[in-house]
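> Mind looking over this structure? Questions follow.
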There are 2 protein chains.
Amino acid sequence: MDQTVICPRFEKAMSILSQRWTGLVIYQLLPGPKRFCTLESSMGISGRVLSDRLKELENQGIVKRDVYPETPVRIEYSLTDKGLALEPLMKELETWSQNWVKVEDNE
Amino acid sequence: MDQTVICPRFEKAMSILSQRWTGLVIYQLLPGPKRFCTLESSMGISGRVLSDRLKELENQGIVKRDVYPETPVRIEYSLTDKGLALEPLMKELETWSQNWVKVEDNE
DNA sequence: ATTAGTCAGTTACTTTATGTAAGTAATTAT
DNA sequence: ATAATTACTTACATAAAGTAACTGACTAAT
């Protein structure tokens, strides 16, 4: 008996963003393409999970993976239009965090 | 060697929203106060996790818990100003999901 | 030419988070 | 007296994430 029925598109969108790390990965890619090892070291994510997340985001059409067959091979991850369309949301989160989030206190 | 240093407030904000269910709980409370059992049945969350999430959101000052000592006791959860300030972000997610998210396909 | 190092991952194993189902205490309805 | 509701908690099982070592292709240093 759910009085509030949630739009399935919204629910899916939320489920993508509420997986650990996905939001931060997208945020990191906003300024431009990045490599696996760069993402891995700039956020505290493990390679195992980063690998999973990038695959999922690629499946969702949010991230694209480009292989440059140089030597050594260079693989760059970047946002698609769908991914870039999340920029306003990220800006909102930045604003909210600046206005409301305190870091020191509560664990 | 992190070239992109992330603002700790932003990182904390993201860690709140990227916990499973927190976003949906906030979204459900946007229109007004709701009770435990209403939240529990309207989203597919288990009581165990809902209980955890509400406590965390209360600690973060995003949700407040009001006890009405009627008989039977009524307990209502609602958003604080900090929680209500997430409305624009939720609207952005609604917009994005309507423009970009397809539900049928990919698992 | 052997050793060490980087990149983009994968694999095996451990810890943490979440789900499931049942239980509790107070109350009310039949 | 029995069943049902609300707001949870507890015990146990499964799924997700973290840790660390490893692979394979290459490069640079000794």
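Following the order of the structure tokens, first chain is A, next is B, and so on, with residues numbered from 1 inside each chain and ligands from 1 in the order they appear.
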Within 12 Å of DT14 in chain C, counting only C-alpha atoms (C1' of nucleotides), which residues qualify if same-chain residues fewer than 4 places away don't, as a ChimeraX atom specification?
/D:17-20
> So which bits of chain A end up strand (DSSP E) when you DSSP the backbone, as a list in words?
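In chain A, DSSP puts these residues in strand (DSSP E): Lys34, Arg35, Val63, Lys64, Arg65, Asp66, Val67, Tyr68, Arg74, Ile75, Glu76, Tyr77, Ser78 and Leu79 of chain A.
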> Would you pick out the contacts of Asp52 in chain B at 12 Å or less, using only C-alpha atoms (C1' of nucleotides), so that residues sharing its chain but fewer than 5 positions from it are not included, and give the list as a list in words?
Gln19, Arg20, Trp21, Thr22, Val25, Phe36, Ile45, Ser46, Gly47, Leu57, Glu58 and Asn59 of chain B; DA17 and DT18 of chain C; DC8 and DT9 of chain D
> Could you write out the selected residues, including C-alpha atoms (C1' of nucleotides), as an mmCIF file, in the first residue's frame?

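File produced: out.cif:
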```cif
data_model
loop_
_atom_site.group_PDB
_atom_site.id
_atom_site.type_symbol
_atom_site.label_atom_id
_atom_site.label_comp_id
_atom_site.auth_asym_id
_atom_site.auth_seq_id
_atom_site.Cartn_x
_atom_site.Cartn_y
_atom_site.Cartn_z
ATOM 1 C CA GLN B 19 24.820 5.533 0.871
ATOM 2 C CA ARG B 20 22.091 3.217 -0.243
ATOM 3 C CA TRP B 21 18.578 4.519 0.550
ATOM 4 C CA THR B 22 19.493 7.900 2.059
ATOM 5 C CA VAL B 25 14.415 8.670 2.252
ATOM 6 C CA PHE B 36 8.317 4.730 9.986
ATOM 7 C CA ILE B 45 13.704 -0.841 2.348
ATOM 8 C CA SER B 46 14.026 -3.215 5.304
ATOM 9 C CA GLY B 47 13.165 -1.972 8.789
ATOM 10 C CA LEU B 57 20.166 11.405 9.027
ATOM 11 C CA GLU B 58 19.088 12.641 12.442
ATOM 12 C CA ASN B 59 22.745 12.797 13.545
ATOM 13 C "C1'" DA C 17 26.890 -3.536 4.732
ATOM 14 C "C1'" DT C 18 22.513 -4.973 3.672
ATOM 15 C "C1'" DC D 8 11.591 -0.812 16.430
ATOM 16 C "C1'" DT D 9 15.671 -4.617 17.707
#
```
> What is the distance between CA of Lys64 in chain A and CA of Ala85 in chain A, in Å to one decimal?
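Separating CA of Lys64 in chain A from CA of Ala85 in chain A is a distance of 14.1 Å.
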> Pull out every residue of chain A sitting within 9 Å of chain B, counting only C-alpha atoms, and send them as a PyMOL selection string.
chain A and resi 1-24+28+38-39+41-43+59-60+82+85-86+88-103+106
> One decimal, Å: what's the distance from C1' of DT15 in chain C over to CA of Leu50 in chain A, could you say?
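Rounded to one decimal, the two atoms are 18.2 Å apart.
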> Report, in Å with one decimal, the straight-line distance from CA of Arg65 in chain B to CA of Pro33 in chain B.
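These two atoms are separated by 9.3 Å.
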> Compile a residue-level contact table for chain A against chain D at a cut-off of 8 Å, reporting for every qualifying residue the shortest atom pair and its distance in Å to one decimal, with only C-alpha atoms (C1' of nucleotides) counted, rows ordered by chain and ascending number, as JSON lines.

```
{"residue": "A:Ser46", "atom": "CA", "partner": "D:DG18", "partner_atom": "C1'", "distance": 7.0}
{"residue": "A:Val49", "atom": "CA", "partner": "D:DA17", "partner_atom": "C1'", "distance": 7.1}
{"residue": "A:Thr71", "atom": "CA", "partner": "D:DC26", "partner_atom": "C1'", "distance": 7.3}
{"residue": "A:Pro72", "atom": "CA", "partner": "D:DC26", "partner_atom": "C1'", "distance": 6.1}
```
> Selected residues, C-alpha atoms, written as a short mmCIF file (atom, residue, chain, number, x, y, z; two decimals), in the first residue's frame, please.

```cif
data_model
loop_
_atom_site.label_atom_id
_atom_site.label_comp_id
_atom_site.auth_asym_id
_atom_site.auth_seq_id
_atom_site.Cartn_x
_atom_site.Cartn_y
_atom_site.Cartn_z
CA SER A 46 40.32 0.34 -4.60
CA VAL A 49 35.77 -1.43 -7.16
CA THR A 71 53.24 2.60 -26.17
CA PRO A 72 52.50 2.11 -23.38
#
```
> Could the residues of chain C within 10 Å of chain B, counting only C-alpha atoms (C1' of nucleotides), be given as number ranges by chain, please?
C: 17-20, 26-28
> Using DSSP on the backbone coordinates, identify all residues within chain B classified as alpha helix (DSSP H); present the result as a PyMOL selection string.
chain B and resi 8-17+22-29+36-42+47-59+81-84+87-100
